[in-house]
There are 2 protein chains.
Amino acid sequence: MKIAIQGLGRMGMQIARKLAESGEHTVIAHNRSHEPIDEAATYGAVKAYEKADVIREFGGDQVIIWIMLPDTIVDEQVDEWLTLIPQGSILIDGGNSNFTMTQKLSEKVTAAGMHLIDVGVSGGVWGYQNGFCMMAGGGAEGTFGIVEPAMKTLALPEGAYHHFGESGSGHCVKMTHNAIEYGMMQALAEGYHFLKEGPYKNLDLAAAGEVWQHHSVITSWLNELCRDSLRESPELEGIDGYVAENGEARYTLEAAKELGIAMPVVQASLDVRIASQQGEVSFATKLLAAMRNKFGGHALNGEGAEPGVREQIAHEKSGNEQE
Amino acid sequence: MKIAIQGLGRMGMQIARKLAESGEHTVIAHNRSHEPIDEAATYGAVKAYEKADVIREFGGDQVIIWIMLPDTIVDEQVDEWLTLIPQGSILIDGGNSNFTMTQKLSEKVTAAGMHLIDVGVSGGVWGYQNGFCMMAGGGAEGTFGIVEPAMKTLALPEGAYHHFGESGSGHCVKMTHNAIEYGMMQALAEGYHFLKEGPYKNLDLAAAGEVWQHHSVITSWLNELCRDSLRESPELEGIDGYVAENGEARYTLEAAKELGIAMPVVQASLDVRIASQQGEVSFATKLLAAMRNKFGGHALNGEGAEPGVREQIAHEKSGNEQE
């Protein structure tokens, strides 16, 4: 199939690369700045510096555009596309949008005679190597089937993607995934913090991490990343303990409160991150930052980190913070 | 090597079986009731109905006894052994004892001219099949080396056991593992609860669990168990939502408070379990019970569950609740 990728940040670039290198699809690479487009071309993608170039590459046919942008700019980008693309075109929001925003956006896109599919993507920066994990929703009957060949290429082995239903359901499942992620990370961070400063001094934390990866109950990818971080630096040197958050846990908590669903662990995890941004740092928050760096390539320190307050995320940022 | 196992409950029996079936060790099986001893004999273990039988099997040599009992009865059992065993004998506490109790017990055992090694065991009821994950501590210089051949047999592949240092350090690492486990379980339970009763009705929760097992950030054994539970029964039918707790998270929190280490997620996880025992049940607590059943064979419902209050654990219980 022919598919355009807009937003060649950490995740967008890998998706474009995996699709292009498969040889099964024509990938059209589009981005605000040109350098990532040129990089994508080295993987076999077709360059499209301007939106008009994207549309031209589809030769007047309905377009399929996978948008990998921070959720704060998805709405305005969709507005621009709607003035340019042919009826029946398919837009995919592959970012971490709040599902309530996705629902509204879908109404607008549908009213304009187009389709919106929402896809939450996990797998961090390792997706290119391991295959991506994708949670989809939205689109009229049959629409998802049109984009499914791209999903199949990205999500190897089988079972790594699923279409959950109505518009926003993919983003809702992804948002929930991230909320769980916050809680699991915090549980690990608290445990290692306790071992580090607890009753036994100089415990080999990396050895604990290694043992726990051998069929213990907490065997997990996140624990593996803790082990690796602690092997590299038992003191987590050079990490200031500032932990960013991109909104997904907060969105989940907002929705949960409206519905009367208690999520005390997710709430506590978010609180710790917010406090870390105000200087309450510890070995635990350093380990949180180390984990985020390992799975998502996120900045290790506050200086280079994404702003903690969602609204401050710079519009000019073309990358997409995915977890 | 020759080794006796006392306490043939869920975990003890599997340890005895794996050691006996390896053909590398002589396993002496001892238990309060006789049926489990007879079962162990079918796996190749030597029967020892009485403590005197255990000692006789060692032919007057120093004995090595691996005690797999609830921590509430370990102390009195050790007292009994100390009156019977030869100097230089090795006792292994393989249960979930609080490390502070282990330290005190070690002093007593050492003063009597014996050795105490503490080993925390994880891997749930799957240890026989997958290999056990073991966290050890204590013993004089060289003592651990004497029991290490048994560890090697139980902990396959390599890397699944480690001796962390002073007396109690193995139990401390295991206790911390369980505290992390509480937090990770609660994070998953909250997420699935949100999806179940959240903005999208009839979401396929098992499909979410399956997708998340494919290189998502929360890929973990616990999520795999959630997926399996939800596949078997999307409504978690027949589970009343009572969640037992065996003390490890509580011990960790007590020690952490003394040291001024914040563990809000572990605390919240424990609070949810305690509340569940007072009737505050939900889809989340049902899923917690389902996970515990999957990894540890624990009772699904309150009626058959271990008492929530540690002190109530019946002394006559010969099995060992391991996580």
# chains A, B, ... in the order shown; residues from 1 in each chain; ligands from 1

$ closest_atom_pairs --of "chain B" --to "chain A" --cutoff "6 Å" --atoms "only C-alpha atoms" --output "JSON lines"
{"residue": "B:Ser122", "atom": "CA", "partner": "A:Ser216", "partner_atom": "CA", "distance": 5.0}
{"residue": "B:Gly123", "atom": "CA", "partner": "A:Ser216", "partner_atom": "CA", "distance": 4.5}
{"residue": "B:Cys133", "atom": "CA", "partner": "A:Ser216", "partner_atom": "CA", "distance": 5.7}
{"residue": "B:Gly159", "atom": "CA", "partner": "A:Val211", "partner_atom": "CA", "distance": 5.9}
{"residue": "B:Ala160", "atom": "CA", "partner": "A:Val211", "partner_atom": "CA", "distance": 4.6}
{"residue": "B:Tyr161", "atom": "CA", "partner": "A:Val211", "partner_atom": "CA", "distance": 5.7}
{"residue": "B:Thr176", "atom": "CA", "partner": "A:Gly191", "partner_atom": "CA", "distance": 5.6}
{"residue": "B:Ile180", "atom": "CA", "partner": "A:Ala187", "partner_atom": "CA", "distance": 5.0}
{"residue": "B:Glu181", "atom": "CA", "partner": "A:Ile218", "partner_atom": "CA", "distance": 5.7}
{"residue": "B:Gly183", "atom": "CA", "partner": "A:Ala187", "partner_atom": "CA", "distance": 4.9}
{"residue": "B:Met184", "atom": "CA", "partner": "A:Met184", "partner_atom": "CA", "distance": 4.6}
{"residue": "B:Ala187", "atom": "CA", "partner": "A:Gly183", "partner_atom": "CA", "distance": 5.0}
{"residue": "B:Leu188", "atom": "CA", "partner": "A:Ile180", "partner_atom": "CA", "distance": 5.6}
{"residue": "B:Glu190", "atom": "CA", "partner": "A:Met263", "partner_atom": "CA", "distance": 5.5}
{"residue": "B:Gly191", "atom": "CA", "partner": "A:Thr176", "partner_atom": "CA", "distance": 5.6}
{"residue": "B:Val211", "atom": "CA", "partner": "A:Ala160", "partner_atom": "CA", "distance": 4.6}
{"residue": "B:His214", "atom": "CA", "partner": "A:Ala160", "partner_atom": "CA", "distance": 5.2}
{"residue": "B:His215", "atom": "CA", "partner": "A:Gly123", "partner_atom": "CA", "distance": 5.2}
{"residue": "B:Ser216", "atom": "CA", "partner": "A:Gly123", "partner_atom": "CA", "distance": 4.4}
{"residue": "B:Val217", "atom": "CA", "partner": "A:Gly123", "partner_atom": "CA", "distance": 5.8}
{"residue": "B:Ile218", "atom": "CA", "partner": "A:Glu181", "partner_atom": "CA", "distance": 5.7}
{"residue": "B:Thr219", "atom": "CA", "partner": "A:Trp221", "partner_atom": "CA", "distance": 5.9}
{"residue": "B:Ser220", "atom": "CA", "partner": "A:Ser220", "partner_atom": "CA", "distance": 4.0}
{"residue": "B:Trp221", "atom": "CA", "partner": "A:Thr219", "partner_atom": "CA", "distance": 5.8}
{"residue": "B:Met263", "atom": "CA", "partner": "A:Glu190", "partner_atom": "CA", "distance": 5.5}
{"residue": "B:Val265", "atom": "CA", "partner": "A:Val265", "partner_atom": "CA", "distance": 5.2}

$ atom_distance --atom1 "CA of Gly138 in chain B" --atom2 "CA of Gln103 in chain B"
8.8 Å

$ atom_distance --atom1 "CA of Asn31 in chain B" --atom2 "CA of Tyr242 in chain B"
29.7 Å

$ select_by_dssp --residues "range 89-297 of chain A" --states "strand (DSSP E)" --output "VMD selection string"
chain A and resid 90 to 93 115 to 122 133 to 138 161 to 163

$ select_by_dssp --residues "range 179-299 of chain A" --states "helix (DSSP H, G or I)" --output "PyMOL selection string"
chain A and resi 179-197+205-212+221-232+248-259+264-277+283-296

$ closest_residue --among "A:Val74, A:Ile117, A:Ala16, A:Ala4" --to "Glu57 in chain A" --atoms "only C-alpha atoms"
A:Ala4

$ atom_distance --atom1 "CA of Val109 in chain B" --atom2 "CA of Ile92 in chain B"
10.9 Å

$ residues_around --residues "Asp228 in chain B" --least-positions-apart "4" --cutoff "8 Å" --atoms "only C-alpha atoms" --output "list in words"
Ala206, Glu224 and Glu232 of chain B

$ residues_around --residues "Asn301 in chain A" --least-positions-apart "3" --cutoff "9 Å" --atoms "only C-alpha atoms" --output "number ranges by chain"
A: 238-244, 286, 289, 298, 304-305

$ write_last_selection --atoms "all heavy atoms" --output "PDB file, in the first residue's frame"
ATOM      1  N   GLY A 238      24.904  11.066  37.194  1.00  0.00           N
ATOM      2  CA  GLY A 238      24.622  11.978  36.093  1.00  0.00           C
ATOM      3  C   GLY A 238      23.139  12.139  35.804  1.00  0.00           C
ATOM      4  O   GLY A 238      22.756  12.807  34.848  1.00  0.00           O
ATOM      5  N   ILE A 239      22.291  11.526  36.642  1.00  0.00           N
ATOM      6  CA  ILE A 239      20.842  11.661  36.453  1.00  0.00           C
ATOM      7  C   ILE A 239      20.320  12.533  37.596  1.00  0.00           C
ATOM      8  O   ILE A 239      20.588  12.246  38.766  1.00  0.00           O
ATOM      9  CB  ILE A 239      20.148  10.283  36.467  1.00  0.00           C
ATOM     10  CG1 ILE A 239      20.772   9.377  35.386  1.00  0.00           C
ATOM     11  CG2 ILE A 239      18.651  10.426  36.277  1.00  0.00           C
ATOM     12  CD1 ILE A 239      20.206   7.967  35.355  1.00  0.00           C
ATOM     13  N   ASP A 240      19.602  13.595  37.257  1.00  0.00           N
ATOM     14  CA  ASP A 240      19.217  14.538  38.318  1.00  0.00           C
ATOM     15  C   ASP A 240      17.905  14.188  39.022  1.00  0.00           C
ATOM     16  O   ASP A 240      17.570  14.784  40.041  1.00  0.00           O
ATOM     17  CB  ASP A 240      19.221  15.981  37.803  1.00  0.00           C
ATOM     18  CG  ASP A 240      18.136  16.238  36.755  1.00  0.00           C
ATOM     19  OD1 ASP A 240      17.250  15.377  36.588  1.00  0.00           O
ATOM     20  OD2 ASP A 240      18.174  17.294  36.104  1.00  0.00           O
ATOM     21  N   GLY A 241      17.165  13.211  38.488  1.00  0.00           N
ATOM     22  CA  GLY A 241      15.964  12.760  39.181  1.00  0.00           C
ATOM     23  C   GLY A 241      14.683  13.490  38.796  1.00  0.00           C
ATOM     24  O   GLY A 241      13.625  13.236  39.368  1.00  0.00           O
ATOM     25  N   TYR A 242      14.789  14.394  37.829  1.00  0.00           N
ATOM     26  CA  TYR A 242      13.597  15.064  37.292  1.00  0.00           C
ATOM     27  C   TYR A 242      12.892  14.068  36.370  1.00  0.00           C
ATOM     28  O   TYR A 242      13.518  13.491  35.484  1.00  0.00           O
ATOM     29  CB  TYR A 242      14.040  16.309  36.513  1.00  0.00           C
ATOM     30  CG  TYR A 242      12.956  17.061  35.780  1.00  0.00           C
ATOM     31  CD1 TYR A 242      12.506  18.306  36.244  1.00  0.00           C
ATOM     32  CD2 TYR A 242      12.407  16.561  34.599  1.00  0.00           C
ATOM     33  CE1 TYR A 242      11.536  19.012  35.554  1.00  0.00           C
ATOM     34  CE2 TYR A 242      11.417  17.263  33.911  1.00  0.00           C
ATOM     35  CZ  TYR A 242      10.992  18.490  34.387  1.00  0.00           C
ATOM     36  OH  TYR A 242      10.024  19.199  33.707  1.00  0.00           O
ATOM     37  N   VAL A 243      11.596  13.864  36.586  1.00  0.00           N
ATOM     38  CA  VAL A 243      10.871  12.908  35.734  1.00  0.00           C
ATOM     39  C   VAL A 243       9.733  13.617  35.010  1.00  0.00           C
ATOM     40  O   VAL A 243       8.821  14.152  35.644  1.00  0.00           O
ATOM     41  CB  VAL A 243      10.284  11.727  36.540  1.00  0.00           C
ATOM     42  CG1 VAL A 243       9.849  10.619  35.599  1.00  0.00           C
ATOM     43  CG2 VAL A 243      11.285  11.208  37.552  1.00  0.00           C
ATOM     44  N   ALA A 244       9.798  13.619  33.700  1.00  0.00           N
ATOM     45  CA  ALA A 244       8.761  14.255  32.896  1.00  0.00           C
ATOM     46  C   ALA A 244       7.514  13.382  32.848  1.00  0.00           C
ATOM     47  O   ALA A 244       7.548  12.206  33.220  1.00  0.00           O
ATOM     48  CB  ALA A 244       9.285  14.492  31.487  1.00  0.00           C
ATOM     49  N   LYS A 286      15.375   9.010  40.073  1.00  0.00           N
ATOM     50  CA  LYS A 286      16.484   8.821  39.120  1.00  0.00           C
ATOM     51  C   LYS A 286      16.265   7.559  38.293  1.00  0.00           C
ATOM     52  O   LYS A 286      16.512   7.539  37.091  1.00  0.00           O
ATOM     53  CB  LYS A 286      17.815   8.712  39.879  1.00  0.00           C
ATOM     54  CG  LYS A 286      18.309  10.024  40.450  1.00  0.00           C
ATOM     55  CD  LYS A 286      19.654   9.839  41.139  1.00  0.00           C
ATOM     56  CE  LYS A 286      20.066  11.147  41.817  1.00  0.00           C
ATOM     57  NZ  LYS A 286      21.422  11.062  42.386  1.00  0.00           N
ATOM     58  N   ALA A 289      13.664   8.090  35.636  1.00  0.00           N
ATOM     59  CA  ALA A 289      14.237   8.792  34.478  1.00  0.00           C
ATOM     60  C   ALA A 289      15.097   7.839  33.646  1.00  0.00           C
ATOM     61  O   ALA A 289      15.069   7.882  32.408  1.00  0.00           O
ATOM     62  CB  ALA A 289      15.053   9.989  34.947  1.00  0.00           C
ATOM     63  N   HIS A 298      13.984   9.120  26.069  1.00  0.00           N
ATOM     64  CA  HIS A 298      13.687  10.417  26.670  1.00  0.00           C
ATOM     65  C   HIS A 298      14.912  10.990  27.369  1.00  0.00           C
ATOM     66  O   HIS A 298      15.774  10.251  27.842  1.00  0.00           O
ATOM     67  CB  HIS A 298      12.546  10.282  27.684  1.00  0.00           C
ATOM     68  CG  HIS A 298      11.286   9.758  27.089  1.00  0.00           C
ATOM     69  ND1 HIS A 298      10.493  10.494  26.241  1.00  0.00           N
ATOM     70  CD2 HIS A 298      10.680   8.552  27.184  1.00  0.00           C
ATOM     71  CE1 HIS A 298       9.459   9.766  25.857  1.00  0.00           C
ATOM     72  NE2 HIS A 298       9.553   8.577  26.412  1.00  0.00           N
ATOM     73  N   GLY A 304      16.966  18.912  29.745  1.00  0.00           N
ATOM     74  CA  GLY A 304      16.623  18.540  28.385  1.00  0.00           C
ATOM     75  C   GLY A 304      15.267  17.864  28.283  1.00  0.00           C
ATOM     76  O   GLY A 304      14.843  17.444  27.220  1.00  0.00           O
ATOM     77  N   ALA A 305      14.583  17.757  29.408  1.00  0.00           N
ATOM     78  CA  ALA A 305      13.348  16.978  29.434  1.00  0.00           C
ATOM     79  C   ALA A 305      12.172  17.742  28.845  1.00  0.00           C
ATOM     80  O   ALA A 305      12.186  18.966  28.751  1.00  0.00           O
ATOM     81  CB  ALA A 305      13.009  16.565  30.859  1.00  0.00           C
TER      82      ALA A 305
END
